[in-house]
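Source file final-v9.cif; content: mmCIF, C-alpha atoms.
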```
data_target
#
loop_
_atom_site.group_PDB
_atom_site.id
_atom_site.type_symbol
_atom_site.label_atom_id
_atom_site.label_comp_id
_atom_site.auth_asym_id
_atom_site.auth_seq_id
_atom_site.Cartn_x
_atom_site.Cartn_y
_atom_site.Cartn_z
ATOM 1 C CA MET K 1 -11.886 17.407 15.022
ATOM 2 C CA ALA K 2 -13.604 20.798 15.194
ATOM 3 C CA GLU K 3 -16.956 19.315 14.219
ATOM 4 C CA HIS K 4 -16.756 16.652 16.915
ATOM 5 C CA GLY K 5 -15.216 18.858 19.607
ATOM 6 C CA LEU K 6 -11.925 16.951 19.802
ATOM 7 C CA ASP K 7 -9.001 18.733 21.440
ATOM 8 C CA GLU K 8 -6.492 15.966 22.132
ATOM 9 C CA LYS K 9 -4.012 13.724 20.345
ATOM 10 C CA VAL K 10 -5.713 11.689 17.620
ATOM 11 C CA ILE K 11 -4.693 9.588 14.629
ATOM 12 C CA GLY K 12 -5.497 11.695 11.578
ATOM 13 C CA VAL K 13 -6.054 10.126 8.164
ATOM 14 C CA SER K 14 -6.029 12.717 5.385
ATOM 15 C CA PHE K 15 -6.886 11.436 1.898
ATOM 16 C CA ASP K 16 -7.423 13.959 -0.881
ATOM 17 C CA GLY K 17 -6.212 15.157 -4.254
ATOM 18 C CA THR K 18 -3.862 18.084 -3.752
ATOM 19 C CA GLY K 19 -2.440 19.566 -0.565
ATOM 20 C CA TYR K 20 0.757 21.540 -0.139
ATOM 21 C CA GLY K 21 3.096 19.631 2.184
ATOM 22 C CA ASP K 22 5.621 21.158 4.558
ATOM 23 C CA ASP K 23 8.411 19.492 2.548
ATOM 24 C CA GLY K 24 7.396 21.288 -0.650
ATOM 25 C CA HIS K 25 5.764 18.230 -2.218
ATOM 26 C CA ILE K 26 2.083 17.560 -2.921
ATOM 27 C CA TRP K 27 0.395 15.652 -0.099
ATOM 28 C CA GLY K 28 -2.851 13.689 -0.140
ATOM 29 C CA GLY K 29 -2.313 10.214 1.337
ATOM 30 C CA GLU K 30 -1.199 10.982 4.902
ATOM 31 C CA PHE K 31 -1.313 9.515 8.388
ATOM 32 C CA PHE K 32 -0.734 11.881 11.307
ATOM 33 C CA VAL K 33 -0.654 12.027 15.049
ATOM 34 C CA CYS K 34 -2.063 15.474 15.721
ATOM 35 C CA ASP K 35 -3.974 17.783 17.989
ATOM 36 C CA LEU K 36 -5.302 21.291 17.369
ATOM 37 C CA ASN K 37 -1.885 22.821 18.001
ATOM 38 C CA ASN K 38 0.472 20.651 15.990
ATOM 39 C CA TYR K 39 0.921 17.522 13.887
ATOM 40 C CA GLU K 40 3.448 14.777 13.227
ATOM 41 C CA ARG K 41 3.358 12.960 9.922
ATOM 42 C CA ILE K 42 3.866 9.276 10.685
ATOM 43 C CA THR K 43 3.638 7.667 7.254
ATOM 44 C CA HIS K 44 2.203 8.373 3.823
ATOM 45 C CA PHE K 45 1.709 6.997 0.327
ATOM 46 C CA GLU K 46 5.008 6.927 -1.534
ATOM 47 C CA TYR K 47 5.813 9.897 -3.731
ATOM 48 C CA LEU K 48 5.223 9.568 -7.464
ATOM 49 C CA PRO K 49 5.942 12.207 -10.132
ATOM 50 C CA MET K 50 2.899 13.857 -11.672
ATOM 51 C CA PRO K 51 3.995 14.528 -15.277
ATOM 52 C CA GLY K 52 2.382 17.708 -16.535
ATOM 53 C CA GLY K 53 1.506 19.038 -13.090
ATOM 54 C CA ASP K 54 -2.195 19.933 -12.873
ATOM 55 C CA LEU K 55 -2.740 18.380 -16.293
ATOM 56 C CA VAL K 56 -2.852 14.950 -14.593
ATOM 57 C CA THR K 57 -6.286 15.796 -13.177
ATOM 58 C CA LYS K 58 -7.631 16.128 -16.739
ATOM 59 C CA GLU K 59 -5.577 13.264 -18.175
ATOM 60 C CA PRO K 60 -5.493 10.471 -15.572
ATOM 61 C CA TRP K 61 -3.573 8.251 -17.988
ATOM 62 C CA ARG K 62 -0.495 10.317 -17.115
ATOM 63 C CA THR K 63 -0.672 9.248 -13.477
ATOM 64 C CA ALA K 64 -1.244 5.640 -14.512
ATOM 65 C CA VAL K 65 1.901 5.821 -16.634
ATOM 66 C CA SER K 66 3.785 7.293 -13.669
ATOM 67 C CA TYR K 67 2.825 4.378 -11.411
ATOM 68 C CA LEU K 68 3.524 1.782 -14.092
ATOM 69 C CA TYR K 69 6.897 3.308 -14.921
ATOM 70 C CA ARG K 70 7.823 3.312 -11.229
ATOM 71 C CA TYR K 71 7.001 -0.365 -10.743
ATOM 72 C CA PHE K 72 7.820 -1.902 -14.128
ATOM 73 C CA GLY K 73 10.192 0.522 -15.849
ATOM 74 C CA LYS K 74 9.761 0.814 -19.620
ATOM 75 C CA ASP K 75 8.559 -2.797 -19.646
ATOM 76 C CA PHE K 76 5.095 -1.406 -18.899
ATOM 77 C CA LEU K 77 4.802 -0.634 -22.605
ATOM 78 C CA GLY K 78 4.806 -4.354 -23.330
ATOM 79 C CA LEU K 79 2.099 -5.279 -20.827
ATOM 80 C CA GLY K 80 -0.647 -4.982 -23.443
ATOM 81 C CA LEU K 81 -2.813 -2.639 -21.372
ATOM 82 C CA ASP K 82 -5.785 -1.407 -23.386
ATOM 83 C CA PHE K 83 -5.713 2.181 -22.158
ATOM 84 C CA LEU K 84 -2.281 2.722 -23.706
ATOM 85 C CA LYS K 85 -3.472 1.715 -27.185
ATOM 86 C CA ASN K 86 -5.410 4.956 -27.647
ATOM 87 C CA ILE K 87 -2.590 7.252 -26.522
ATOM 88 C CA PRO K 88 0.013 8.261 -29.131
ATOM 89 C CA LYS K 89 3.352 6.657 -28.313
ATOM 90 C CA THR K 90 5.040 10.029 -28.768
ATOM 91 C CA LYS K 91 2.939 11.401 -25.873
ATOM 92 C CA ILE K 92 3.817 8.459 -23.655
ATOM 93 C CA ASN K 93 7.502 8.865 -24.452
ATOM 94 C CA LEU K 94 7.347 12.576 -23.646
ATOM 95 C CA VAL K 95 5.744 11.813 -20.275
ATOM 96 C CA VAL K 96 8.452 9.259 -19.466
ATOM 97 C CA GLU K 97 11.145 11.733 -20.519
ATOM 98 C CA ALA K 98 9.585 14.446 -18.336
ATOM 99 C CA MET K 99 9.782 12.133 -15.332
ATOM 100 C CA ASP K 100 13.349 11.076 -16.114
ATOM 101 C CA LYS K 101 14.482 14.690 -16.420
ATOM 102 C CA ASN K 102 12.228 16.033 -13.653
ATOM 103 C CA ILE K 103 10.581 18.534 -15.987
ATOM 104 C CA ASN K 104 7.192 19.719 -14.696
ATOM 105 C CA ALA K 105 6.719 16.483 -12.774
ATOM 106 C CA PRO K 106 6.125 17.438 -9.124
ATOM 107 C CA LEU K 107 6.104 14.671 -6.546
ATOM 108 C CA SER K 108 2.786 13.683 -4.980
ATOM 109 C CA SER K 109 1.544 11.246 -2.346
ATOM 110 C CA SER K 110 -2.071 11.883 -3.311
ATOM 111 C CA CYS K 111 -4.815 9.333 -2.742
ATOM 112 C CA GLY K 112 -6.928 11.108 -5.357
ATOM 113 C CA ARG K 113 -4.234 10.605 -7.969
ATOM 114 C CA LEU K 114 -4.001 6.929 -7.031
ATOM 115 C CA PHE K 115 -7.719 6.578 -7.775
ATOM 116 C CA ASP K 116 -7.106 8.383 -11.079
ATOM 117 C CA ALA K 117 -4.307 5.980 -11.987
ATOM 118 C CA VAL K 118 -6.362 2.851 -11.329
ATOM 119 C CA SER K 119 -9.399 4.248 -13.162
ATOM 120 C CA ALA K 120 -7.232 5.007 -16.187
ATOM 121 C CA MET K 121 -5.305 1.747 -16.076
ATOM 122 C CA ILE K 122 -8.450 -0.369 -16.299
ATOM 123 C CA ASP K 123 -9.476 1.862 -19.243
ATOM 124 C CA LEU K 124 -12.455 3.253 -17.374
ATOM 125 C CA CYS K 125 -11.460 6.926 -17.469
ATOM 126 C CA PRO K 126 -8.136 7.718 -19.177
ATOM 127 C CA LEU K 127 -9.406 11.267 -19.858
ATOM 128 C CA SER K 128 -11.605 13.282 -17.497
ATOM 129 C CA LYS K 129 -14.357 15.549 -18.745
ATOM 130 C CA PHE K 130 -15.014 17.050 -15.284
ATOM 131 C CA HIS K 131 -13.341 17.249 -11.873
ATOM 132 C CA ALA K 132 -12.912 13.904 -10.084
ATOM 133 C CA GLU K 133 -14.640 11.971 -12.863
ATOM 134 C CA ALA K 134 -12.086 9.130 -12.717
ATOM 135 C CA PRO K 135 -12.523 8.260 -9.005
ATOM 136 C CA MET K 136 -16.279 8.802 -9.212
ATOM 137 C CA ARG K 137 -16.581 6.347 -12.074
ATOM 138 C CA LEU K 138 -14.340 3.871 -10.271
ATOM 139 C CA GLN K 139 -16.595 3.988 -7.224
ATOM 140 C CA SER K 140 -19.748 3.729 -9.316
ATOM 141 C CA ILE K 141 -18.829 0.384 -10.901
ATOM 142 C CA ALA K 142 -17.624 -1.423 -7.756
ATOM 143 C CA VAL K 143 -19.768 -4.450 -6.977
ATOM 144 C CA PRO K 144 -20.761 -5.112 -3.347
ATOM 145 C CA ASN K 145 -19.961 -8.119 -1.200
ATOM 146 C CA ILE K 146 -16.439 -8.616 -2.550
ATOM 147 C CA THR K 147 -14.045 -9.477 0.284
ATOM 148 C CA GLU K 148 -10.855 -9.916 -1.728
ATOM 149 C CA ALA K 149 -8.179 -7.221 -1.837
ATOM 150 C CA TYR K 150 -4.771 -6.635 -3.385
ATOM 151 C CA SER K 151 -1.471 -6.674 -1.544
ATOM 152 C CA PHE K 152 0.600 -3.578 -0.749
ATOM 153 C CA ASN K 153 3.883 -2.793 0.968
ATOM 154 C CA ALA K 154 3.867 -0.840 4.227
ATOM 155 C CA GLY K 155 7.395 0.144 5.180
ATOM 156 C CA GLN K 156 8.557 3.665 5.925
ATOM 157 C CA THR K 157 6.060 4.691 3.238
ATOM 158 C CA ILE K 158 3.148 2.813 1.676
ATOM 159 C CA SER K 159 3.851 1.383 -1.774
ATOM 160 C CA PHE K 160 1.266 0.029 -4.194
ATOM 161 C CA GLY K 161 3.588 -2.003 -6.394
ATOM 162 C CA PRO K 162 1.901 -5.308 -5.442
ATOM 163 C CA THR K 163 -1.507 -3.656 -5.966
ATOM 164 C CA PHE K 164 -0.699 -2.727 -9.548
ATOM 165 C CA SER K 165 0.767 -6.168 -10.208
ATOM 166 C CA GLY K 166 -2.460 -7.716 -8.930
ATOM 167 C CA ILE K 167 -4.630 -5.459 -11.071
ATOM 168 C CA ILE K 168 -2.607 -6.292 -14.174
ATOM 169 C CA HIS K 169 -2.905 -10.011 -13.355
ATOM 170 C CA ASP K 170 -6.689 -9.648 -13.090
ATOM 171 C CA LEU K 171 -6.913 -7.687 -16.341
ATOM 172 C CA LYS K 172 -4.954 -10.384 -18.171
ATOM 173 C CA ASN K 173 -7.295 -13.008 -16.705
ATOM 174 C CA ASN K 174 -10.401 -11.091 -17.839
ATOM 175 C CA ILE K 175 -11.633 -10.361 -14.321
ATOM 176 C CA PRO K 176 -14.470 -7.806 -14.641
ATOM 177 C CA THR K 177 -13.438 -4.233 -13.900
ATOM 178 C CA ALA K 178 -16.306 -4.001 -11.405
ATOM 179 C CA ILE K 179 -14.588 -6.662 -9.292
ATOM 180 C CA ILE K 180 -11.183 -5.018 -9.753
ATOM 181 C CA SER K 181 -12.677 -1.758 -8.475
ATOM 182 C CA ALA K 182 -14.137 -3.477 -5.421
ATOM 183 C CA LYS K 183 -10.815 -5.157 -4.658
ATOM 184 C CA PHE K 184 -9.006 -1.838 -4.994
ATOM 185 C CA HIS K 185 -11.389 -0.149 -2.542
ATOM 186 C CA ASN K 186 -10.844 -3.027 -0.122
ATOM 187 C CA THR K 187 -7.101 -2.557 -0.505
ATOM 188 C CA LEU K 188 -7.285 1.068 0.604
ATOM 189 C CA ILE K 189 -9.462 0.085 3.558
ATOM 190 C CA ASN K 190 -6.794 -2.450 4.542
ATOM 191 C CA VAL K 191 -4.099 0.216 4.139
ATOM 192 C CA ILE K 192 -5.936 2.497 6.546
ATOM 193 C CA PHE K 193 -6.393 -0.280 9.075
ATOM 194 C CA ALA K 194 -2.756 -1.414 8.881
ATOM 195 C CA ALA K 195 -1.373 2.104 9.276
ATOM 196 C CA VAL K 196 -3.577 3.203 12.163
ATOM 197 C CA SER K 197 -3.129 -0.131 13.957
ATOM 198 C CA LYS K 198 0.634 0.342 13.884
ATOM 199 C CA ILE K 199 0.259 3.874 15.235
ATOM 200 C CA ARG K 200 -2.017 2.662 18.028
ATOM 201 C CA GLN K 201 0.580 0.097 19.071
ATOM 202 C CA THR K 202 3.323 2.694 19.401
ATOM 203 C CA ARG K 203 1.350 5.741 20.582
ATOM 204 C CA ASP K 204 -1.558 4.188 22.483
ATOM 205 C CA ILE K 205 -4.116 6.332 20.657
ATOM 206 C CA ARG K 206 -7.391 4.816 19.522
ATOM 207 C CA LYS K 207 -9.301 7.855 18.260
ATOM 208 C CA VAL K 208 -9.128 8.001 14.444
ATOM 209 C CA VAL K 209 -10.276 11.031 12.448
ATOM 210 C CA LEU K 210 -10.992 10.580 8.730
ATOM 211 C CA SER K 211 -10.961 13.683 6.527
ATOM 212 C CA GLY K 212 -10.208 14.898 3.013
ATOM 213 C CA GLY K 213 -12.032 14.807 -0.292
ATOM 214 C CA SER K 214 -11.370 11.117 -0.932
ATOM 215 C CA PHE K 215 -13.672 10.312 1.976
ATOM 216 C CA GLN K 216 -16.608 11.531 -0.104
ATOM 217 C CA ASN K 217 -16.262 8.008 -1.507
ATOM 218 C CA ALA K 218 -19.006 6.121 0.324
ATOM 219 C CA ILE K 219 -17.380 2.701 -0.167
ATOM 220 C CA LEU K 220 -14.055 3.854 1.259
ATOM 221 C CA LEU K 221 -15.588 5.723 4.193
ATOM 222 C CA ALA K 222 -18.116 3.080 5.221
ATOM 223 C CA GLY K 223 -15.631 0.234 4.820
ATOM 224 C CA ALA K 224 -12.955 1.994 6.851
ATOM 225 C CA GLU K 225 -15.420 2.901 9.601
ATOM 226 C CA ARG K 226 -16.715 -0.672 9.863
ATOM 227 C CA LYS K 227 -13.259 -2.227 10.045
ATOM 228 C CA LEU K 228 -11.903 0.280 12.540
ATOM 229 C CA ILE K 229 -14.937 0.165 14.845
ATOM 230 C CA LYS K 230 -14.885 -3.648 14.737
ATOM 231 C CA ASN K 231 -11.300 -3.479 16.000
ATOM 232 C CA SER K 232 -12.040 -1.148 18.913
ATOM 233 C CA PHE K 233 -11.104 2.199 17.397
ATOM 234 C CA ASP K 234 -13.178 5.310 18.048
ATOM 235 C CA VAL K 235 -13.863 6.713 14.585
ATOM 236 C CA PHE K 236 -14.809 10.278 13.689
ATOM 237 C CA ALA K 237 -15.855 11.347 10.188
ATOM 238 C CA HIS K 238 -17.726 14.264 8.670
ATOM 239 C CA GLU K 239 -21.453 14.507 9.320
ATOM 240 C CA LYS K 240 -22.253 18.217 8.906
ATOM 241 C CA VAL K 241 -19.035 19.740 7.591
ATOM 242 C CA PRO K 242 -17.840 18.840 4.071
ATOM 243 C CA SER K 243 -14.919 16.431 3.959
ATOM 244 C CA ASN K 244 -13.412 18.203 0.952
ATOM 245 C CA ASP K 245 -12.296 21.831 0.506
ATOM 246 C CA GLY K 246 -15.524 23.125 2.058
ATOM 247 C CA GLY K 247 -14.301 22.049 5.492
ATOM 248 C CA ILE K 248 -10.806 23.539 5.324
ATOM 249 C CA ALA K 249 -11.698 26.979 6.692
ATOM 250 C CA LEU K 250 -13.275 25.512 9.844
ATOM 251 C CA GLY K 251 -10.136 23.479 10.513
ATOM 252 C CA GLN K 252 -7.936 26.521 9.986
ATOM 253 C CA LEU K 253 -10.061 28.534 12.416
ATOM 254 C CA ALA K 254 -9.902 25.767 15.037
ATOM 255 C CA ILE K 255 -6.103 25.592 14.796
ATOM 256 C CA ALA K 256 -5.705 29.380 14.844
ATOM 257 C CA ALA K 257 -7.980 29.666 17.876
ATOM 258 C CA LYS K 258 -6.080 26.940 19.739
ATOM 259 C CA ARG K 259 -2.682 28.479 19.042
ATOM 260 C CA ARG K 260 -3.914 31.907 20.005
ATOM 261 C CA SER K 261 -5.315 30.585 23.285
ATOM 262 C CA LEU K 262 -1.966 28.933 24.111
ATOM 263 C CA LYS K 263 -0.117 32.212 23.490
ATOM 264 C CA CYS K 264 -2.519 34.003 25.840
ATOM 265 C CA VAL K 265 -1.946 31.572 28.724
#
```
What does this structure look like when you write it as structure tokens?
Amino acid sequence: MAEHGLDEKVIGVSFDGTGYGDDGHIWGGEFFVCDLNNYERITHFEYLPMPGGDLVTKEPWRTAVSYLYRYFGKDFLGLGLDFLKNIPKTKINLVVEAMDKNINAPLSSSCGRLFDAVSAMIDLCPLSKFHAEAPMRLQSIAVPNITEAYSFNAGQTISFGPTFSGIIHDLKNNIPTAIISAKFHNTLINVIFAAVSKIRQTRDIRKVVLSGGSFQNAILLAGAERKLIKNSFDVFAHEKVPSNDGGIALGQLAIAAKRRSLKCV
């Protein structure tokens, strides 16, 4: 908003890895109505426990287990997923126990962690050697010109249960992971479109601002922009300011300046 000189109500889409939410949970898959003075969180990705806390960024398999346990219970152990074969069962059991007992398993709605989970589940990057390796590798293998996508549930929050069921179905049917990646990216583009369309209907706002580290993903950003512009949204994304942590200070300054100006009036 600061980069593009916006000082009005907009639909804000914030996708990133880790942000501290005002409810004490970790945010990162959020849809807002906001201006430079305030914000209202309209919907978000459902909360999932992150067993091990920050360790999930180095071991994406943990987040994959969290999603699978949420949607399939302990039956996920019998799904025959390749990535689980190289992880000691004692470790998996400890992760499940940590979630059951809420031991070092903070809740997160993070888009970055969702990318981690999918990258691990298709056995592309169960363990990360550097920051954001899992989502980067997932983007790198996606083939172009795939129009298919997975289903998802958009109620009070956005749930990816049908997405994970679809990915597992494709894995069992030997669909190439490059196609699975493309379908997953398309799914997130559809999630963005569905959420902002619903907000436009109720709030009559058509300006959409896309920000957060996940929008460094060229497939996600370009696909979302195309779909939104095609459906008569005005779309604003980063051009000069970084979409990840490098842009945070500018946003903080813009908000502080706006609030200070309102106090002076």
Worksheet item: Could you list as an NGL selection string every residue that has an atom within 7 Å of (9.6, 14.8, -4.0), using the file's coordinates and counting only C-alpha atoms?
Response: :K and (25 or 47 or 106-108)
Worksheet item: Nearest to Ala117 of chain K among K:Leu171, K:Leu94, K:Met50, K:Val196, with distances taken over only C-alpha atoms: which residue is it?
Response: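 Among K:Leu171, K:Leu94, K:Met50, K:Val196, it is K:Met50 that comes nearest to Ala117 of chain K.
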Discussion item. Can you translate the PyMOL selection byres ((chain K and resi 57-60) around 12) into the concrete residues it hits in this file, as a PyMOL selection string?
Written reply: chain K and resi 17-18+50-56+61-67+83-84+87+91-92+95+110+112-135
Practice prompt. Determine, counting all atoms listed in the file, which protein, DNA and RNA residues have an atom within 9 Å of an atom of Ser151 of chain K; residues of the same chain fewer than 4 positions away are not included. Present the result as an NGL selection string.
Written response: :K and (160-166 or 187)
Considering only C-alpha atoms, return as a PDB file with C-alpha atoms, in the coordinates of the input whatever protein or nucleic-acid residues lie within 10 Å of segment 246-261 of chain K, sequence-local ones (same chain, fewer than 3 positions apart) excluded.
```pdb
ATOM      1  CA  MET K   1     -11.886  17.407  15.022  1.00  0.00           C
ATOM      2  CA  ALA K   2     -13.604  20.798  15.194  1.00  0.00           C
ATOM      3  CA  GLU K   3     -16.956  19.315  14.219  1.00  0.00           C
ATOM      4  CA  GLY K   5     -15.216  18.858  19.607  1.00  0.00           C
ATOM      5  CA  ASP K   7      -9.001  18.733  21.440  1.00  0.00           C
ATOM      6  CA  ASP K  35      -3.974  17.783  17.989  1.00  0.00           C
ATOM      7  CA  LEU K  36      -5.302  21.291  17.369  1.00  0.00           C
ATOM      8  CA  ASN K  37      -1.885  22.821  18.001  1.00  0.00           C
ATOM      9  CA  ASN K  38       0.472  20.651  15.990  1.00  0.00           C
ATOM     10  CA  SER K 211     -10.961  13.683   6.527  1.00  0.00           C
ATOM     11  CA  GLY K 212     -10.208  14.898   3.013  1.00  0.00           C
ATOM     12  CA  GLY K 213     -12.032  14.807  -0.292  1.00  0.00           C
ATOM     13  CA  HIS K 238     -17.726  14.264   8.670  1.00  0.00           C
ATOM     14  CA  LYS K 240     -22.253  18.217   8.906  1.00  0.00           C
ATOM     15  CA  VAL K 241     -19.035  19.740   7.591  1.00  0.00           C
ATOM     16  CA  PRO K 242     -17.840  18.840   4.071  1.00  0.00           C
ATOM     17  CA  SER K 243     -14.919  16.431   3.959  1.00  0.00           C
ATOM     18  CA  CYS K 264      -2.519  34.003  25.840  1.00  0.00           C
ATOM     19  CA  VAL K 265      -1.946  31.572  28.724  1.00  0.00           C
TER      20      VAL K 265
END
```
Atom completion result for segment 53-73 of chain K (N, CA and C atoms) as a compact mmCIF listing (two decimals), keeping the file's coordinate frame:
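What landed in part.txt:
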```txt
# COMPACT_ATOMS: atom_id res chain seq x y z
N GLY K 53 2.08 18.26 -14.19
CA GLY K 53 1.51 19.04 -13.09
C GLY K 53 0.00 18.86 -13.02
N ASP K 54 -0.73 19.98 -13.00
CA ASP K 54 -2.19 19.93 -12.87
C ASP K 54 -2.87 19.22 -14.03
N LEU K 55 -2.16 19.05 -15.13
CA LEU K 55 -2.74 18.38 -16.29
C LEU K 55 -3.14 16.94 -15.96
N VAL K 56 -2.52 16.34 -14.94
CA VAL K 56 -2.85 14.95 -14.59
C VAL K 56 -4.30 14.81 -14.14
N THR K 57 -4.90 15.89 -13.62
CA THR K 57 -6.29 15.80 -13.18
C THR K 57 -7.24 15.70 -14.36
N LYS K 58 -6.81 16.21 -15.53
CA LYS K 58 -7.63 16.13 -16.74
C LYS K 58 -7.28 14.92 -17.59
N GLU K 59 -6.05 14.42 -17.41
CA GLU K 59 -5.58 13.26 -18.18
C GLU K 59 -5.04 12.20 -17.21
N PRO K 60 -5.93 11.46 -16.56
CA PRO K 60 -5.49 10.47 -15.57
C PRO K 60 -4.53 9.42 -16.11
N TRP K 61 -4.51 9.22 -17.41
CA TRP K 61 -3.57 8.25 -17.99
C TRP K 61 -2.13 8.61 -17.64
N ARG K 62 -1.85 9.88 -17.46
CA ARG K 62 -0.50 10.32 -17.11
C ARG K 62 -0.07 9.75 -15.76
N THR K 63 -0.99 9.79 -14.80
CA THR K 63 -0.67 9.25 -13.48
C THR K 63 -0.54 7.73 -13.53
N ALA K 64 -1.38 7.09 -14.34
CA ALA K 64 -1.24 5.64 -14.51
C ALA K 64 0.13 5.30 -15.08
N VAL K 65 0.57 6.05 -16.06
CA VAL K 65 1.90 5.82 -16.63
C VAL K 65 2.98 6.03 -15.58
N SER K 66 2.81 7.03 -14.73
CA SER K 66 3.78 7.29 -13.67
C SER K 66 3.92 6.10 -12.74
N TYR K 67 2.79 5.55 -12.30
CA TYR K 67 2.82 4.38 -11.41
C TYR K 67 3.43 3.17 -12.13
N LEU K 68 3.02 2.94 -13.35
CA LEU K 68 3.52 1.78 -14.09
C LEU K 68 5.01 1.89 -14.36
N TYR K 69 5.47 3.10 -14.67
CA TYR K 69 6.90 3.31 -14.92
C TYR K 69 7.70 3.09 -13.65
N ARG K 70 7.14 3.51 -12.51
CA ARG K 70 7.82 3.31 -11.23
C ARG K 70 8.01 1.82 -10.93
N TYR K 71 6.98 1.04 -11.17
CA TYR K 71 7.00 -0.36 -10.74
C TYR K 71 7.54 -1.33 -11.80
N PHE K 72 7.44 -0.96 -13.08
CA PHE K 72 7.82 -1.90 -14.13
C PHE K 72 8.85 -1.35 -15.11
N GLY K 73 9.29 -0.08 -14.89
CA GLY K 73 10.19 0.52 -15.85
C GLY K 73 9.53 0.61 -17.21
```
